[in-house]
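What follows is the content of work-v3.txt, which has compact mmCIF, C-alpha atoms:
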# COMPACT_ATOMS: atom_id res chain seq x y z
CA MET A 1 0.00 0.00 0.00
CA PHE A 2 2.82 2.37 0.90
CA VAL A 3 4.61 1.47 -2.35
CA LEU A 4 1.48 2.24 -4.37
CA GLN A 5 1.09 5.64 -2.67
CA LEU A 6 4.77 6.44 -3.24
CA HIS A 7 4.43 5.46 -6.87
CA PHE A 8 1.30 7.63 -7.15
CA PHE A 9 3.00 10.69 -5.70
CA THR A 10 6.13 10.09 -7.77
CA GLY A 11 4.08 9.80 -10.99
CA ASN A 12 2.05 12.83 -10.01
CA SER A 13 5.20 14.94 -9.49
CA HIS A 14 6.46 13.74 -12.85
CA LEU A 15 3.24 14.87 -14.48
CA GLN A 16 3.52 18.22 -12.70
CA ARG A 17 7.05 18.66 -14.03
CA GLN A 18 5.86 17.84 -17.54
CA SER A 19 2.99 20.32 -17.18
CA ALA A 20 5.34 23.00 -15.92
CA VAL A 21 7.68 22.41 -18.84
CA THR A 22 4.74 22.50 -21.25
CA ILE A 23 3.41 25.73 -19.73
CA GLN A 24 6.89 27.26 -19.80
CA THR A 25 7.35 26.25 -23.45
CA GLY A 26 3.94 27.60 -24.38
CA THR A 27 4.70 30.86 -22.57
CA MET A 28 7.97 31.20 -24.47
CA VAL A 29 6.18 30.58 -27.78
CA VAL A 30 3.55 33.18 -26.92
CA LEU A 31 6.24 35.65 -25.92
CA GLU A 32 8.17 35.02 -29.13
CA ASP A 33 5.01 35.47 -31.20
CA SER A 34 4.20 38.65 -29.27
CA LEU A 35 7.70 39.99 -29.83
CA LYS A 36 7.47 39.17 -33.53
CA TRP A 37 4.05 40.87 -33.76
CA ALA A 38 5.34 43.90 -31.81
CA HIS A 39 8.39 44.07 -34.08
CA LEU A 40 6.22 43.91 -37.21
CA ARG A 41 3.77 46.39 -35.70
CA GLY A 42 6.66 48.66 -34.74
CA SER A 43 8.06 48.43 -38.25
CA THR A 44 4.64 49.30 -39.66
CA ILE A 45 4.34 52.30 -37.33
CA LYS A 46 7.86 53.39 -38.25
CA ASP A 47 7.02 53.09 -41.93
CA GLN A 48 3.86 55.13 -41.43
CA LEU A 49 5.75 57.81 -39.47
CA ARG A 50 8.47 57.85 -42.10
CA LYS A 51 5.84 58.24 -44.83
CA LEU A 52 4.12 61.01 -42.84
CA ARG A 53 7.43 62.79 -42.34
CA LYS A 54 8.15 62.48 -46.07
CA ASP A 55 4.71 63.90 -46.90
CA LEU A 56 5.15 66.81 -44.52
CA PHE A 57 8.72 67.79 -45.19
CA ASP A 58 9.54 66.59 -48.69
CA GLY A 59 7.13 68.87 -50.52
CA ASN A 60 4.09 66.55 -50.69
CA TYR A 61 1.85 68.98 -48.84
CA PHE A 62 -1.35 68.67 -50.91
CA PRO A 63 -2.35 65.35 -49.27
CA MET A 64 -2.04 67.21 -45.98
CA LEU A 65 -4.40 69.87 -47.34
CA GLU A 66 -6.80 67.17 -48.52
CA ASN A 67 -6.90 65.65 -45.04
CA PHE A 68 -7.51 69.06 -43.49
CA LEU A 69 -10.41 69.76 -45.86
CA MET A 70 -12.12 66.62 -44.54
CA ILE A 71 -12.91 68.58 -41.35
CA PRO A 72 -15.22 71.07 -43.12
CA GLY A 73 -16.50 68.24 -45.33
CA VAL A 74 -14.89 69.28 -48.62
CA CYS A 75 -13.99 66.70 -51.28
CA LEU A 76 -11.74 68.28 -53.89
CA SER A 77 -10.21 65.14 -55.33
CA PRO A 78 -12.38 62.68 -57.31
CA GLU A 79 -9.92 59.96 -56.31
CA MET A 80 -10.54 60.40 -52.58
CA LYS A 81 -10.85 57.16 -50.63
CA PRO A 82 -14.40 55.95 -49.86
CA TRP A 83 -14.02 56.27 -46.08
CA LYS A 84 -12.93 59.89 -46.50
CA ARG A 85 -16.00 60.59 -48.61
CA ARG A 86 -18.19 59.06 -45.92
CA VAL A 87 -16.58 61.31 -43.32
CA CYS A 88 -17.23 64.36 -45.52
CA ARG A 89 -20.88 63.40 -46.02
CA THR A 90 -21.33 62.91 -42.27
CA ILE A 91 -19.87 66.35 -41.57
CA ASN A 92 -22.14 67.84 -44.24
CA VAL A 93 -25.18 66.35 -42.48
CA ILE A 94 -24.00 67.74 -39.13
CA SER A 95 -23.49 71.15 -40.73
CA VAL A 96 -27.03 71.18 -42.15
CA LEU A 97 -28.45 70.26 -38.73
CA GLN A 98 -26.46 73.05 -37.10
CA ILE A 99 -27.73 75.55 -39.66
CA ALA A 100 -31.30 74.49 -38.86
CA LEU A 101 -30.69 74.85 -35.12
CA THR A 102 -29.05 78.25 -35.63
CA ILE A 103 -31.94 79.61 -37.68
CA GLY A 104 -34.46 78.25 -35.17
CA THR A 105 -33.07 80.31 -32.26
CA TRP A 106 -35.04 83.45 -33.23
CA LYS A 107 -37.03 84.88 -30.30
CA ARG A 108 -39.95 87.24 -30.21
CA ASN A 109 -39.46 90.88 -29.17
CA PRO A 110 -35.64 90.78 -29.15
CA ASP A 111 -33.44 93.73 -28.19
CA VAL A 112 -30.69 95.23 -30.35
CA LEU A 113 -28.02 92.90 -28.94
CA GLN A 114 -30.09 89.79 -29.64
CA ILE A 115 -30.92 90.96 -33.17
CA ALA A 116 -27.26 91.69 -33.95
CA TRP A 117 -26.13 88.34 -32.55
CA TYR A 118 -28.80 86.40 -34.45
CA VAL A 119 -28.03 88.16 -37.74
CA LEU A 120 -24.31 87.56 -37.14
CA LYS A 121 -24.82 83.83 -36.57
CA VAL A 122 -27.03 83.41 -39.64
CA PHE A 123 -24.68 85.56 -41.74
CA GLY A 124 -21.72 83.53 -40.45
CA VAL A 125 -23.11 80.07 -41.26
CA THR A 126 -24.26 81.37 -44.66
CA THR A 127 -20.77 82.68 -45.43
CA CYS A 128 -19.14 79.42 -44.34
CA SER A 129 -21.57 77.40 -46.44
CA LEU A 130 -20.93 79.60 -49.48
CA LYS A 131 -17.19 79.09 -49.16
CA VAL A 132 -17.55 75.32 -49.02
CA LEU A 133 -19.96 75.33 -51.96
CA MET A 134 -17.55 77.49 -53.97
CA LEU A 135 -14.73 75.03 -53.31
CA MET A 136 -16.89 72.20 -54.59
CA ARG A 137 -18.10 74.27 -57.55
CA PHE A 138 -14.58 75.30 -58.61
CA ALA A 139 -12.91 71.98 -57.74
CA GLU A 140 -11.85 71.28 -61.33
CA PRO A 141 -9.95 74.57 -61.97
CA ILE A 142 -8.47 74.36 -58.48
CA ARG A 143 -7.14 70.88 -59.24
CA ARG A 144 -5.74 72.16 -62.52
CA VAL A 145 -3.72 74.92 -60.84
CA GLN A 146 -2.75 72.56 -58.04
CA SER A 147 -1.41 70.02 -60.56
CA TYR A 148 0.57 72.78 -62.27
CA ILE A 149 2.23 73.81 -58.98
CA MET A 150 2.93 70.21 -58.03
CA SER A 151 4.46 69.48 -61.45
CA LYS A 152 6.87 72.37 -60.93
CA SER A 153 7.73 71.16 -57.43
CA THR A 154 8.55 67.64 -58.59
CA VAL A 155 10.90 68.77 -61.37
CA ALA A 156 14.58 68.53 -60.46
CA ASP A 157 15.73 72.09 -59.79
CA VAL A 158 18.70 73.23 -61.84
CA GLU A 159 19.64 76.06 -59.52
CA GLN A 160 19.87 76.06 -55.76
CA TYR A 161 17.69 79.18 -55.58
CA GLU A 162 14.72 77.35 -57.12
CA ALA A 163 15.04 74.44 -54.71
CA VAL A 164 15.26 76.78 -51.70
CA VAL A 165 12.26 78.88 -52.76
CA ARG A 166 10.05 75.86 -53.47
CA LYS A 167 11.06 74.19 -50.22
CA LYS A 168 10.25 77.41 -48.36
CA PHE A 169 6.83 77.45 -49.99
CA GLY A 170 6.16 73.85 -48.91
CA ARG A 171 7.16 74.56 -45.32
CA SER A 172 4.98 77.66 -45.20
CA VAL A 173 1.96 75.61 -46.32
CA GLN A 174 2.64 72.99 -43.67
CA SER A 175 3.14 75.59 -40.95
CA LEU A 176 -0.10 77.34 -41.92
CA ILE A 177 -2.17 74.15 -41.74
CA VAL A 178 -0.62 73.17 -38.40
CA ALA A 179 -1.29 76.68 -37.03
CA ILE A 180 -4.96 76.50 -38.07
CA LEU A 181 -5.37 73.05 -36.52
CA THR A 182 -3.75 74.26 -33.29
CA MET A 183 -6.06 77.26 -33.18
CA VAL A 184 -9.11 75.05 -33.75
CA ILE A 185 -8.06 72.74 -30.91
CA ILE A 186 -7.59 75.71 -28.56
CA ASP A 187 -11.02 77.07 -29.50
CA VAL A 188 -12.63 73.67 -28.94
CA VAL A 189 -11.07 73.41 -25.47
CA THR A 190 -12.04 76.99 -24.66
CA ILE A 191 -15.65 76.70 -25.75
CA CYS A 192 -16.17 73.41 -23.92
CA VAL A 193 -15.61 75.13 -20.55
CA PRO A 194 -19.08 75.60 -18.99
CA ASN A 195 -20.14 79.22 -18.95
CA SER A 196 -23.52 80.92 -18.63
CA GLN A 197 -22.63 83.47 -21.28
CA ARG A 198 -21.72 80.70 -23.70
CA ASN A 199 -25.00 78.88 -23.04
CA LYS A 200 -26.93 82.08 -23.68
CA LEU A 201 -25.19 83.13 -26.91
CA LEU A 202 -24.95 79.60 -28.33
CA ALA A 203 -28.38 78.37 -27.35
CA ILE A 204 -30.50 75.96 -29.35
CA PRO A 205 -34.26 76.25 -30.03
CA SER A 206 -36.51 75.61 -27.04
CA PHE A 207 -38.72 73.21 -29.01
CA CYS A 208 -35.93 70.62 -28.63
CA LEU A 209 -37.16 70.20 -25.02
CA VAL A 210 -40.00 68.03 -26.30
CA PHE A 211 -37.44 65.20 -26.60
CA GLY A 212 -36.60 65.48 -22.90
CA SER A 213 -34.13 67.47 -20.84
CA LEU A 214 -31.36 64.87 -21.21
CA CYS A 215 -31.66 64.85 -24.99
CA TYR A 216 -31.79 68.65 -24.97
CA GLU A 217 -28.60 68.97 -22.93
CA THR A 218 -26.80 66.38 -25.05
CA LEU A 219 -27.82 68.11 -28.26
CA HIS A 220 -26.79 71.48 -26.82
CA CYS A 221 -23.33 70.17 -25.86
CA LEU A 222 -22.82 68.64 -29.30
CA TYR A 223 -23.97 71.87 -30.96
CA ILE A 224 -21.45 73.92 -28.95
CA PHE A 225 -18.67 71.37 -29.52
CA PHE A 226 -19.06 71.39 -33.31
CA VAL A 227 -19.16 75.19 -33.65
CA PRO A 228 -15.35 75.68 -33.58
CA LEU A 229 -14.55 72.18 -34.81
CA ILE A 230 -16.46 72.49 -38.10
CA TRP A 231 -17.34 76.12 -38.76
CA ILE A 232 -13.89 77.66 -38.26
CA PRO A 233 -12.30 75.21 -40.77
CA MET A 234 -15.27 75.83 -43.08
CA TYR A 235 -14.70 79.57 -42.91
CA LEU A 236 -10.95 79.20 -43.52
CA SER A 237 -11.18 76.46 -46.16
CA TYR A 238 -11.62 78.73 -49.19
CA PRO A 239 -9.01 81.36 -48.23
CA LEU A 240 -6.60 78.57 -47.27
CA VAL A 241 -6.85 76.89 -50.68
CA MET A 242 -6.68 80.19 -52.55
CA GLY A 243 -3.79 81.36 -50.39
CA ILE A 244 -1.84 78.19 -51.12
CA LEU A 245 -2.46 78.54 -54.85
CA LEU A 246 -1.54 82.24 -54.81
CA THR A 247 1.62 81.55 -52.83
CA GLY A 248 2.58 78.72 -55.16
CA LEU A 249 2.13 80.92 -58.23
CA ARG A 250 4.07 83.70 -56.50
CA THR A 251 6.88 81.22 -55.91
CA GLU A 252 6.98 80.39 -59.63
CA LEU A 253 6.94 84.12 -60.43
CA GLN A 254 9.89 84.63 -58.09
CA ILE A 255 11.76 81.90 -59.93
CA LEU A 256 10.91 83.55 -63.26
CA GLN A 257 12.04 86.91 -61.90
CA HIS A 258 15.32 85.37 -60.70
CA ARG A 259 15.96 83.84 -64.13
CA ILE A 260 15.35 87.16 -65.88
CA GLU A 261 17.55 88.95 -63.35
CA SER A 262 20.34 86.42 -63.88
CA LEU A 263 19.98 86.91 -67.62
CA VAL A 264 20.33 90.69 -67.17
CA HIS A 265 23.52 90.23 -65.14
CA ARG A 266 25.00 87.83 -67.71
CA THR A 267 24.13 89.99 -70.71
CA LYS A 268 26.94 92.35 -71.77
CA PRO A 269 27.02 94.48 -74.96
CA GLU A 270 30.39 93.11 -75.99
CA LEU A 271 29.05 89.52 -76.04
CA PHE A 272 26.54 90.10 -78.83
CA GLN A 273 27.77 88.11 -81.80
CA ASP A 274 25.91 85.78 -84.16
CA ASP A 275 25.98 82.81 -81.77
CA TYR A 276 25.00 84.86 -78.74
CA TRP A 277 21.94 86.31 -80.50
CA LYS A 278 20.74 82.77 -81.24
CA GLN A 279 21.42 81.65 -77.67
CA LEU A 280 19.62 84.65 -76.20
CA LYS A 281 16.68 84.09 -78.56
CA ASN A 282 16.24 80.54 -77.26
CA VAL A 283 16.46 81.66 -73.63
CA VAL A 284 13.92 84.45 -74.10
CA ARG A 285 11.57 82.13 -75.99
CA ASP A 286 11.64 79.73 -73.05
CA LEU A 287 10.93 82.63 -70.67
CA VAL A 288 7.97 83.77 -72.77
CA MET A 289 6.50 80.26 -72.82
CA GLN A 290 7.04 79.89 -69.09
CA GLN A 291 5.36 83.21 -68.39
CA GLN A 292 2.39 82.50 -70.64
CA ASP A 293 1.86 79.12 -68.98
CA LEU A 294 2.15 80.73 -65.57
CA PHE A 295 -0.23 83.56 -66.36
CA ARG A 296 -2.78 81.18 -67.85
CA HIS A 297 -3.12 79.54 -64.43
CA PHE A 298 -2.89 82.88 -62.66
CA GLN A 299 -5.97 84.11 -64.54
CA ILE A 300 -7.95 81.22 -63.05
CA VAL A 301 -6.84 81.96 -59.50
CA ARG A 302 -7.38 85.70 -59.94
CA GLN A 303 -11.07 85.20 -60.69
CA LEU A 304 -11.53 82.83 -57.75
CA VAL A 305 -9.72 85.23 -55.40
CA GLY A 306 -12.00 88.08 -56.49
CA ILE A 307 -15.13 86.07 -55.67
CA GLY A 308 -13.78 84.91 -52.31
CA PHE A 309 -12.62 88.37 -51.27
CA PHE A 310 -16.03 89.84 -52.14
CA ILE A 311 -17.72 87.48 -49.67
CA SER A 312 -15.06 87.80 -46.96
CA TYR A 313 -14.85 91.59 -47.24
CA HIS A 314 -18.55 92.27 -46.73
CA PHE A 315 -18.86 89.67 -43.99
CA ALA A 316 -15.85 91.13 -42.18
CA ILE A 317 -17.35 94.64 -42.22
CA PHE A 318 -20.43 93.49 -40.33
CA PHE A 319 -18.61 90.93 -38.18
CA ILE A 320 -15.92 93.27 -36.85
CA GLY A 321 -18.42 96.01 -36.03
CA ALA A 322 -20.77 93.55 -34.32
CA MET A 323 -18.00 91.93 -32.28
CA LEU A 324 -16.82 95.33 -31.06
CA PHE A 325 -20.40 96.03 -30.02
CA PHE A 326 -20.63 92.71 -28.13
CA ALA A 327 -17.30 93.32 -26.39
CA LYS A 328 -18.59 96.68 -25.17
CA MET A 329 -22.01 95.44 -24.06
CA GLN A 330 -21.08 92.08 -22.51
CA ASN A 331 -19.18 91.52 -19.29
CA VAL A 332 -15.68 90.12 -19.55
CA ALA A 333 -15.83 86.32 -19.36
CA PHE A 334 -13.83 83.30 -20.38
CA PHE A 335 -16.08 82.89 -23.42
CA LEU A 336 -14.65 86.14 -24.79
CA VAL A 337 -11.44 84.21 -25.52
CA PHE A 338 -13.33 82.30 -28.21
CA MET A 339 -14.96 85.50 -29.48
CA LEU A 340 -11.58 87.23 -29.62
CA SER A 341 -10.17 84.26 -31.53
CA THR A 342 -12.88 84.43 -34.18
CA PHE A 343 -12.41 88.21 -34.33
CA MET A 344 -8.70 87.75 -35.09
CA ILE A 345 -9.46 85.04 -37.66
CA VAL A 346 -11.68 87.37 -39.71
CA ILE A 347 -9.20 90.25 -39.54
CA PHE A 348 -6.23 88.02 -40.33
CA GLU A 349 -8.03 86.49 -43.32
CA CYS A 350 -8.69 89.87 -44.95
CA TYR A 351 -5.15 91.01 -44.16
CA CYS A 352 -3.69 87.88 -45.79
CA TRP A 353 -5.80 88.43 -48.93
CA CYS A 354 -4.44 91.98 -49.29
CA HIS A 355 -0.87 91.05 -48.33
CA LEU A 356 -0.66 88.18 -50.81
CA VAL A 357 -1.98 90.28 -53.67
CA ASP A 358 0.40 93.14 -52.82
CA SER A 359 3.39 90.80 -52.58
CA LEU A 360 2.40 89.29 -55.92
CA GLY A 361 2.32 92.77 -57.42
CA ASN A 362 5.80 93.47 -56.03
CA VAL A 363 7.20 90.39 -57.78
CA LEU A 364 5.52 91.42 -61.03
CA ASP A 365 6.96 94.93 -60.70
CA ALA A 366 10.42 93.43 -60.21
CA ILE A 367 9.95 91.33 -63.37
CA GLY A 368 8.94 94.45 -65.33
CA GLN A 369 11.97 96.33 -64.03
CA ASN A 370 14.34 93.55 -65.08
CA ILE A 371 12.73 93.40 -68.53
CA TYR A 372 13.27 97.14 -68.88
CA TRP A 373 16.95 96.84 -67.97
CA LEU A 374 17.38 93.93 -70.37
CA CYS A 375 15.87 96.01 -73.18
CA THR A 376 18.31 98.84 -72.47
CA THR A 377 21.22 96.39 -72.51
CA LEU A 378 20.56 95.16 -76.05
CA PRO A 379 23.00 96.81 -78.47
CA TYR A 380 21.75 97.89 -81.87
CA SER A 381 23.65 97.17 -85.08
CA HIS A 382 22.57 97.28 -88.70
CA GLU A 383 23.67 93.73 -89.46
CA HIS A 384 21.60 92.33 -86.54
CA HIS A 385 18.58 94.56 -87.04
CA SER A 386 16.07 91.69 -87.41
CA GLU A 387 17.41 89.92 -84.29
CA PHE A 388 17.25 93.18 -82.34
CA VAL A 389 13.61 93.86 -83.33
CA ALA A 390 12.54 90.27 -82.63
CA MET A 391 14.25 90.31 -79.23
CA ARG A 392 12.66 93.59 -78.16
CA THR A 393 9.26 92.33 -79.35
CA SER A 394 9.57 89.20 -77.22
CA LEU A 395 10.64 91.23 -74.21
CA MET A 396 7.77 93.68 -74.71
CA ILE A 397 5.34 90.73 -74.74
CA ILE A 398 6.65 89.66 -71.35
CA LEU A 399 6.42 93.23 -70.06
CA MET A 400 2.83 93.75 -71.25
CA ASN A 401 1.71 90.42 -69.80
CA THR A 402 3.35 91.38 -66.51
CA ARG A 403 1.60 94.73 -66.30
CA ARG A 404 -1.74 93.28 -67.33
CA GLY A 405 -1.66 90.62 -64.64
CA ALA A 406 -0.41 92.85 -61.84
CA GLN A 407 -3.87 93.77 -60.50
CA VAL A 408 -6.42 91.53 -58.82
CA ASN A 409 -9.94 92.98 -58.74
CA CYS A 410 -12.88 92.14 -56.55
CA LEU A 411 -15.48 91.33 -59.22
CA GLY A 412 -14.52 94.54 -61.03
CA MET A 413 -15.65 96.70 -58.10
CA PHE A 414 -12.28 97.67 -56.63
CA ARG A 415 -8.66 96.58 -56.60
CA ILE A 416 -7.54 94.29 -53.79
CA CYS A 417 -4.69 95.99 -51.94
CA PHE A 418 -3.60 96.90 -48.42
CA GLU A 419 -5.41 100.27 -48.66
CA LYS A 420 -8.65 98.31 -48.96
CA PHE A 421 -7.87 96.56 -45.68
CA VAL A 422 -7.56 99.96 -43.98
CA SER A 423 -10.87 100.98 -45.56
CA LEU A 424 -12.43 97.77 -44.21
CA CYS A 425 -11.38 98.67 -40.65
CA ASN A 426 -12.84 102.17 -41.00
CA THR A 427 -16.13 100.86 -42.38
CA SER A 428 -16.35 98.28 -39.57
CA TYR A 429 -16.00 101.06 -37.03
CA THR A 430 -18.93 102.80 -38.73
CA VAL A 431 -21.01 99.64 -38.22
CA PHE A 432 -19.96 99.63 -34.56
CA THR A 433 -21.11 103.22 -34.07
CA PHE A 434 -24.39 102.33 -35.80
CA PHE A 435 -25.09 99.59 -33.25
CA ILE A 436 -24.20 101.97 -30.43
CA SER A 437 -26.67 104.53 -31.72
CA MET A 438 -29.39 101.85 -32.02
CA ARG A 439 -28.99 100.84 -28.38

Could you write out this file's structure as structure tokens?
Amino acid sequence: MFVLQLHFFTGNSHLQRQSAVTIQTGTMVVLEDSLKWAHLRGSTIKDQLRKLRKDLFDGNYFPMLENFLMIPGVCLSPEMKPWKRRVCRTINVISVLQIALTIGTWKRNPDVLQIAWYVLKVFGVTTCSLKVLMLMRFAEPIRRVQSYIMSKSTVADVEQYEAVVRKKFGRSVQSLIVAILTMVIIDVVTICVPNSQRNKLLAIPSFCLVFGSLCYETLHCLYIFFVPLIWIPMYLSYPLVMGILLTGLRTELQILQHRIESLVHRTKPELFQDDYWKQLKNVVRDLVMQQQDLFRHFQIVRQLVGIGFFISYHFAIFFIGAMLFFAKMQNVAFFLVFMLSTFMIVIFECYCWCHLVDSLGNVLDAIGQNIYWLCTTLPYSHEHHSEFVAMRTSLMIILMNTRRGAQVNCLGMFRICFEKFVSLCNTSYTVFTFFISMR
């Protein structure tokens, strides 16, 4: 009996040792598989981060713009992935619901402050919706200009100046998008802080109470949350796209201006022989073709900028005056941080429109000046009379195209320039005094 029990315990300990070895082996296999999976997952994450870094810092900034435009629900590319299109459609539905809730907040017998705030909200959502609709309406010409800029960026740059200027343009686009996203995040955090003033100014219609107080509060919180998350990117979507296109075309104009300036410095009267006239003719012909191609795309952007500035200019006049009126009438509160942010967004947008157009005009003036100096450098001789006339004709074509494209008009009403920004501020102050007198 004792022998049987000893044998039982000995066999049992042997089975325990085998089980322990099996468990230890299985644990090692699981650990090895986990390490392999973590290594593969880590490699995938590294590849994704490397691809993201390449997209952000190697000049491929238009995919970054496409991802940003998903926030306001804009689909510019017909080749956008299906899940991105679904996200855009969802945001469009949310935007329509917010417009309905905004319009439904009208109250009977309102005072001047309530009327101004209601008109401002309706005017604001209408302006944002118009900008998104214009992006969708003009998607095809926008893609055409975008493809032109990208084709220039992907060409191997012959000179270091061209590579530096184009890289600077890419970094400025990336920095601008990151700055807008950061501002949106700050506004979302700011507006989510509970505040009685926020609840009053961003209220939803009272008929939503029929669904219950819990549903009403949930809908109110979602309404407030989506105001900065969707409507600020919607408002900035059109000027962001136009600003990128204008800056990209300005970059190509700077490169053209640098080439003409280098040609002026290389051109000496004593170099003009038969071979040099032929060489200069080929160089100028390439410059003329480059300028015509550039100005063909610039004409597209100039029309779109005029339409966008018309909407932004008239909205900014009312918005700035109304916000000054609210700041005077309302007590200082944490919600004013969000109001001040939107105030700066509207002012900064109009300033950027005027600054970009003025800087573009400065580059075109520099091109015209270099063309003038190149014309004065050409020596005249009887034996090269035909070459001289042909060369001056080509240069005059460049000069006339430059002067013709120097101005950007707002639907033919006025010229977009920094003086118009000053006029906007003065007119906004007139709106502010009007609200004060109506109080």

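Taking CA of Leu424 (chain A) and CA of Met344 (chain A) as the two end points, the separation is 14.1 Å.
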
Contact residues around Leu364 (chain A) with all atoms listed in the file at 12 Å, ignoring same-chain residues under 6 positions, as a ChimeraX atom specification: /A:249-258,260,291,295,357-358,370-371,398-407

Can you tell me how far CA of Leu176 (chain A) sits from CA of Leu411 (chain A), in Å to one decimal?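 Taking CA of Leu176 (chain A) as the start and CA of Leu411 (chain A) as the end point, the length is 27.0 Å.
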
Within-12 Å shell of (-17.2, 95.5, -26.5) in input frame, all atoms listed in the file, as a list in words: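 The distance filter leaves exactly Leu113, Ile320, Gly321, Ala322, Met323, Leu324, Phe325, Phe326, Ala327, Lys328, Met329, Gln330, Asn331, Val332, Ala333, Leu336, Met339, Leu340, Phe343, Tyr429, Phe432, Thr433, Phe435 and Ile436 of chain A.
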
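Minimum distance to Val264 (chain A) across A:Phe169, A:Tyr61, A:Phe68, A:Tyr372 (counting only C-alpha atoms) occurs at A:Tyr372.
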
Å distance separating CA of Arg439 (chain A) from CA of Gln197 (chain A), one decimal place: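 Those two atoms sit 19.8 Å apart.
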
If we draw a sphere of 12 Å around (6.9, 74.1, -60.3), which residues have at least one atom in it when counting only C-alpha atoms? Please report them as a PyMOL selection string. chain A and resi 59+145-158+162-163+165-167+169-170+245+247-256+290+293-294

Keeping C-alpha atoms for every residue in the selection just given, could you write it to a file as a tab-separated table (two decimals), in the coordinates of the input?
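Writing the result to selection17.tsv gives the following:
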chain	number	residue	atom	x	y	z
A	59	GLY	CA	7.13	68.87	-50.52
A	145	VAL	CA	-3.72	74.92	-60.84
A	146	GLN	CA	-2.75	72.56	-58.04
A	147	SER	CA	-1.41	70.02	-60.56
A	148	TYR	CA	0.57	72.78	-62.27
A	149	ILE	CA	2.23	73.81	-58.98
A	150	MET	CA	2.93	70.21	-58.03
A	151	SER	CA	4.46	69.48	-61.45
A	152	LYS	CA	6.87	72.37	-60.93
A	153	SER	CA	7.73	71.16	-57.43
A	154	THR	CA	8.55	67.64	-58.59
A	155	VAL	CA	10.90	68.77	-61.37
A	156	ALA	CA	14.58	68.53	-60.46
A	157	ASP	CA	15.73	72.09	-59.79
A	158	VAL	CA	18.70	73.23	-61.84
A	162	GLU	CA	14.72	77.35	-57.12
A	163	ALA	CA	15.04	74.44	-54.71
A	165	VAL	CA	12.26	78.88	-52.76
A	166	ARG	CA	10.05	75.86	-53.47
A	167	LYS	CA	11.06	74.19	-50.22
A	169	PHE	CA	6.83	77.45	-49.99
A	170	GLY	CA	6.16	73.85	-48.91
A	245	LEU	CA	-2.46	78.54	-54.85
A	247	THR	CA	1.62	81.55	-52.83
A	248	GLY	CA	2.58	78.72	-55.16
A	249	LEU	CA	2.13	80.92	-58.23
A	250	ARG	CA	4.07	83.70	-56.50
A	251	THR	CA	6.88	81.22	-55.91
A	252	GLU	CA	6.98	80.39	-59.63
A	253	LEU	CA	6.94	84.12	-60.43
A	254	GLN	CA	9.89	84.63	-58.09
A	255	ILE	CA	11.76	81.90	-59.93
A	256	LEU	CA	10.91	83.55	-63.26
A	290	GLN	CA	7.04	79.89	-69.09
A	293	ASP	CA	1.86	79.12	-68.98
A	294	LEU	CA	2.15	80.73	-65.57

Around all the atoms of region 179-189 of chain A listed in the file, draw an axis-aligned box and extend it by 3 Å on each of the six sides; I want its centre and edge lengths in Å to one decimal, as AutoDock Vina command-line options.
--center_x -7.0 --center_y 75.0 --center_z -31.8 --size_x 17.3 --size_y 10.5 --size_z 18.6

Could you tell me which of A:Ala203, A:Leu356, A:Met80, A:Leu222 comes closest to Ile103 (chain A) if we count all atoms listed in the file? A:Ala203

Might you pull out every residue within 9 Å of Asn409 (chain A), with only C-alpha atoms counted and same-chain residues fewer than 2 positions away left off, and present them as a CSV table (one decimal) with C-alpha atoms, in the coordinates of the input?
chain,number,residue,atom,x,y,z
A,302,ARG,CA,-7.4,85.7,-59.9
A,303,GLN,CA,-11.1,85.2,-60.7
A,305,VAL,CA,-9.7,85.2,-55.4
A,306,GLY,CA,-12.0,88.1,-56.5
A,407,GLN,CA,-3.9,93.8,-60.5
A,411,LEU,CA,-15.5,91.3,-59.2
A,412,GLY,CA,-14.5,94.5,-61.0
A,413,MET,CA,-15.6,96.7,-58.1
A,414,PHE,CA,-12.3,97.7,-56.6
A,415,ARG,CA,-8.7,96.6,-56.6
A,416,ILE,CA,-7.5,94.3,-53.8

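Nearest residue to Glu387 (chain A) among A:Thr430, A:Thr126, A:Phe338, A:Lys281 is A:Lys281, counting only C-alpha atoms.
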
Of the residues A:Ile91, A:Ala390, A:Pro63, A:Ile367, which is the one nearest to Glu79 (chain A), using only C-alpha atoms?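 Counting only C-alpha atoms, the residue closest to Glu79 (chain A) is A:Pro63.
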
Just checking: using all atoms listed in the file, which residue out of A:Leu202, A:Leu133, A:Ala179, A:Ala316 ends up closest to Phe421 (chain A)?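 For Phe421 (chain A), the nearest of the candidates is A:Ala316.
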
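Using all atoms listed in the file, the nearest neighbour of Tyr235 (chain A) within the list A:Leu374, A:Val125, A:Cys88, A:Ile300 is A:Val125.
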